[in-house]
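Visitor: So I've got this file, start_35.txt, and it contains compact mmCIF, C-alpha atoms:
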# COMPACT_ATOMS: atom_id res chain seq x y z
CA MET A 19 109.02 125.30 128.73
CA ALA A 20 110.15 121.73 129.30
CA LYS A 21 108.57 119.64 132.05
CA LYS A 22 110.89 118.60 134.82
CA GLY A 23 112.89 115.58 133.70
CA LYS A 24 111.60 115.73 130.09
CA PRO A 25 113.91 116.72 127.27
CA VAL A 26 112.93 119.84 125.31
CA GLN A 27 112.80 117.81 122.05
CA GLU A 28 110.06 115.57 123.51
CA ASP A 29 107.99 118.62 124.50
CA LEU A 30 108.32 119.97 120.96
CA ALA A 31 107.21 116.62 119.58
CA THR A 32 104.18 116.78 121.88
CA ALA A 33 103.40 120.33 120.74
CA LEU A 34 103.62 119.24 117.09
CA THR A 35 101.47 116.18 117.77
CA ASN A 36 98.84 118.39 119.40
CA LEU A 37 98.70 120.47 116.21
CA PHE A 38 97.92 117.45 114.01
CA LEU A 39 94.13 117.41 114.43
CA PRO A 40 93.55 121.14 113.94
CA VAL A 41 95.96 121.34 111.00
CA HIS A 42 94.79 118.16 109.28
CA TYR A 43 91.07 118.26 109.97
CA ARG A 44 90.29 121.95 110.29
CA ILE A 45 92.71 123.49 107.81
CA GLY A 46 93.39 120.48 105.56
CA VAL A 47 89.78 119.42 105.09
CA ALA A 48 88.66 123.03 104.57
CA PHE A 49 91.42 123.40 101.99
CA GLU A 50 90.33 120.18 100.23
CA GLU A 51 86.74 121.36 100.24
CA THR A 52 87.86 124.61 98.59
CA LEU A 53 89.80 122.72 95.90
CA ARG A 54 86.74 120.58 95.10
CA CYS A 55 85.11 123.75 93.69
CA GLY A 56 81.74 122.12 94.31
CA LEU A 57 82.38 119.55 91.53
CA LEU A 58 84.85 116.90 92.60
CA SER A 59 85.41 114.29 95.29
CA ARG A 60 88.50 114.42 97.49
CA LYS A 61 89.99 111.55 95.50
CA GLN A 62 89.38 113.34 92.21
CA VAL A 63 91.10 116.47 93.55
CA ALA A 64 94.08 114.29 94.54
CA ILE A 65 94.15 112.63 91.10
CA LEU A 66 94.24 115.98 89.30
CA TRP A 67 96.90 117.30 91.68
CA LEU A 68 99.02 114.17 91.13
CA MET A 69 98.74 114.53 87.39
CA GLN A 70 99.77 118.18 87.65
CA THR A 71 102.77 117.49 89.88
CA GLU A 72 103.87 113.97 88.89
CA GLY A 73 102.65 113.70 85.30
CA GLY A 74 105.57 115.43 83.61
CA ALA A 75 105.19 117.89 80.76
CA ALA A 76 102.47 115.76 79.14
CA ARG A 77 100.48 115.66 82.43
CA SER A 78 100.09 111.93 81.87
CA MET A 79 100.47 108.96 84.22
CA ARG A 80 99.91 105.24 84.23
CA ARG A 81 96.69 104.33 86.00
CA LYS A 82 98.49 101.93 88.34
CA ASP A 83 100.87 104.73 89.42
CA ILE A 84 97.90 106.93 90.30
CA GLU A 85 96.39 104.06 92.26
CA HIS A 86 99.65 103.37 94.09
CA LEU A 87 100.16 107.02 95.07
CA LEU A 88 96.55 107.48 96.20
CA ALA A 89 96.78 104.36 98.35
CA ASP A 90 99.32 106.25 100.46
CA TRP A 91 96.70 108.92 101.28
CA PHE A 92 93.35 107.15 101.19
CA GLU A 93 92.07 103.75 102.16
CA THR A 94 90.87 102.97 98.68
CA SER A 95 90.33 100.08 96.33
CA SER A 96 91.16 99.71 92.67
CA SER A 97 87.47 99.93 91.79
CA THR A 98 87.15 103.23 93.68
CA ILE A 99 90.00 104.69 91.62
CA THR A 100 88.39 103.33 88.44
CA ARG A 101 85.11 105.06 89.32
CA ALA A 102 86.84 108.35 90.19
CA LEU A 103 88.82 108.31 86.94
CA GLY A 104 85.75 107.34 84.93
CA ALA A 105 83.81 110.30 86.31
CA LEU A 106 86.74 112.61 85.51
CA ALA A 107 86.80 111.26 81.94
CA ARG A 108 83.05 111.36 81.21
CA SER A 109 80.82 114.31 80.47
CA PRO A 110 80.25 116.80 81.95
CA LEU A 111 83.78 116.95 83.44
CA GLN A 112 86.00 115.47 80.71
CA PHE A 113 89.10 116.51 82.67
CA VAL A 114 91.12 113.40 81.73
CA ARG A 115 91.42 111.01 78.81
CA ILE A 116 92.00 107.32 79.51
CA GLY A 117 93.75 105.35 76.80
CA GLU A 118 96.07 102.46 76.18
CA ASP A 119 99.61 102.77 77.50
CA PRO A 120 102.00 102.46 74.56
CA ASP A 121 104.46 100.60 76.81
CA SER A 122 101.96 97.97 77.97
CA GLY A 123 98.91 96.49 76.26
CA ARG A 124 97.27 95.79 79.63
CA GLU A 125 97.96 99.12 81.28
CA LYS A 126 95.96 102.33 80.92
CA ARG A 127 97.42 105.81 80.59
CA VAL A 128 95.55 108.79 82.03
CA THR A 129 96.18 112.21 80.49
CA LEU A 130 94.86 115.61 81.47
CA THR A 131 92.73 117.21 78.78
CA THR A 132 92.80 120.91 77.96
CA LYS A 133 89.60 121.24 79.98
CA GLY A 134 91.30 119.50 82.91
CA LYS A 135 94.31 121.82 82.71
CA LYS A 136 91.97 124.83 82.77
CA PHE A 137 90.14 123.42 85.78
CA LEU A 138 93.46 123.01 87.58
CA LEU A 139 93.98 126.76 87.14
CA THR A 140 90.59 127.29 88.80
CA MET A 141 91.55 124.92 91.63
CA ASP A 142 94.87 126.72 92.06
CA ALA A 143 93.19 130.13 92.23
CA ALA A 144 90.68 128.86 94.81
CA GLY A 145 93.51 127.35 96.84
CA ARG A 146 95.54 130.57 96.76
CA THR A 147 92.49 132.57 97.89
CA PHE A 148 91.92 130.15 100.77
CA ALA A 149 95.59 130.26 101.78
CA GLN A 150 95.67 134.05 101.59
CA ARG A 151 92.75 134.29 104.03
CA LEU A 152 94.77 132.20 106.50
CA LEU A 153 97.87 134.33 106.02
CA ASP A 154 96.33 137.81 105.98
CA ARG A 155 96.89 138.39 109.70
CA MET A 156 100.40 136.97 109.85
CA PRO A 157 103.64 138.93 109.38
CA LYS A 158 105.48 138.07 106.15
CA GLY A 159 108.58 136.93 108.04
CA GLU A 160 106.54 134.34 109.95
CA ILE A 161 104.90 133.16 106.74
CA ARG A 162 108.29 132.71 105.06
CA GLU A 163 109.56 130.79 108.09
CA MET A 164 106.44 128.59 108.17
CA VAL A 165 106.85 127.74 104.46
CA ARG A 166 110.55 127.01 105.00
CA LEU A 167 109.80 124.72 107.94
CA MET A 168 106.99 122.93 106.12
CA ASN A 169 109.33 122.27 103.19
CA LYS A 170 111.95 120.90 105.60
CA SER A 171 109.29 118.65 107.15
CA ILE A 172 108.36 117.28 103.73
CA GLU A 173 112.05 116.66 102.93
CA ALA A 174 112.52 114.83 106.25
CA LEU A 175 109.45 112.70 105.58
CA GLU A 176 110.66 111.81 102.09
CA GLN A 177 114.08 110.81 103.43
CA ARG A 178 112.55 108.27 105.82
Translate this structure into structure tokens?
Guide:
Amino acid sequence: MAKKGKPVQEDLATALTNLFLPVHYRIGVAFEETLRCGLLSRKQVAILWLMQTEGGAARSMRRKDIEHLLADWFETSSSTITRALGALARSPLQFVRIGEDPDSGREKRVTLTTKGKKFLLTMDAAGRTFAQRLLDRMPKGEIREMVRLMNKSIEALEQR
């Protein structure tokens, strides 16, 4: 119910703002922790997810594009990204291969390896299990509506 003299839209904005901390820190961080599968850092999870979603059919991206996209989510330096990618490339993980970009002699290209693609399947399964535990006590209609509204929120954010 709206406070006297306050528009309903403002009260809804307040309600959404009040959800930020529990959604981001309680659900989001727990979800990230699940996706780490006890092996990766948060940044490494984000790198693999970016390569899965933004890397095209080859699951390959320029290193500077990874750095640029991660900068939107994390306060991070170029050297931090270099270390995260190096650990993903080295044994025992070997989830990515870092090579020369054919379009630029100075730029590096990062490509998911077969092992990295398999690990993404493990991450996905862990994420679905986590999400299912959250959804088990909710009616399907509410879940569908929540997914629809979250997608609309993402679209609105991307149109900014």
Visitor: Taking into account only C-alpha atoms, which residue in the set A:Pro157, A:Gly145, A:Pro120, A:Gly56 is nearest to A:Arg80?
Guide: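 Once distances to A:Arg80 are computed over only C-alpha atoms, the minimum belongs to A:Pro120.
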Visitor: For A:Leu57, which residue among A:Gly117, A:Gly159, A:Gly73, A:Pro110 is the nearest when counting only C-alpha atoms?
Guide: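 Looking at the shortest contact to A:Leu57, the residue is A:Pro110.
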Visitor: From the set A:Leu138, A:Lys61, A:Glu118, A:Cys55, which residue has the shortest atom-to-atom contact distance to A:Thr94, counting all atoms listed in the file?
Guide: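 Using all atoms listed in the file, A:Thr94 sits closest to A:Lys61.
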Visitor: Would you work out the distance separating atom CA of A:Thr129 from atom CA of A:Gln177, expressed in Å to one decimal?
Guide: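 Taking atom CA of A:Thr129 and atom CA of A:Gln177, their separation equals 29.1 Å.
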Visitor: Name all residues at most 8 Å from A:Met69 (count all atoms listed in the file; drop same-chain ones fewer than 5 positions away) and give them as a VMD selection string.
Guide: chain A and resid 74 77 to 79 129 to 130
Visitor: Mind dumping the selected residues with C-alpha atoms as a short mmCIF file (atom, residue, chain, number, x, y, z; two decimals), in the coordinates of the input?
Guide:
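Resulting contents of again_25.cif:
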data_model
loop_
_atom_site.label_atom_id
_atom_site.label_comp_id
_atom_site.auth_asym_id
_atom_site.auth_seq_id
_atom_site.Cartn_x
_atom_site.Cartn_y
_atom_site.Cartn_z
CA GLY A 74 105.57 115.43 83.61
CA ARG A 77 100.48 115.66 82.43
CA SER A 78 100.09 111.93 81.87
CA MET A 79 100.47 108.96 84.22
CA THR A 129 96.18 112.21 80.49
CA LEU A 130 94.86 115.61 81.47
#
Visitor: What does the structure give for the distance between atom CA of A:Phe148 and atom CA of A:Arg108, in Å to one decimal?
Guide: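 So the answer is 28.5 Å.
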Visitor: Which value, in Å to one decimal, gives the distance between atom CA of A:Ala144 and atom CA of A:Ala48?
Guide: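 Taking atom CA of A:Ala144 as the start and atom CA of A:Ala48 as the end point, the length is 11.5 Å.
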Visitor: With distances taken over only C-alpha atoms, which residue among A:Thr71, A:Ser59, A:Thr32, A:Gln112 lies nearest A:Phe137?
Guide: A:Gln112
Visitor: With a distance cut-off of 12 Å and only C-alpha atoms, select the neighbouring residues of A:Thr52, excluding the residue or stretch itself and same-chain residues fewer than 5 positions from it, and output the selection as a list in words.
Guide: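 Close residues of A:Thr52: Ile45, Gly46, Val47, Leu57, Leu58, Ser59, Arg60, Val63, Thr140, Met141, Asp142, Ala143, Ala144, Gly145, Arg146, Thr147, Phe148 and Ala149 of chain A.
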Visitor: May I ask which of the residues A:Gln70, A:Lys133, A:Asp83, A:Gln62 is the closest one to A:Leu103, counting only C-alpha atoms?
Guide: A:Gln62
Visitor: Go through A:Arg155, A:Glu28, A:Leu111, A:Ile116 and flag the residue nearest A:Lys136, using all atoms listed in the file for the distances.
Guide: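 Looking at the shortest contact to A:Lys136, the residue is A:Leu111.
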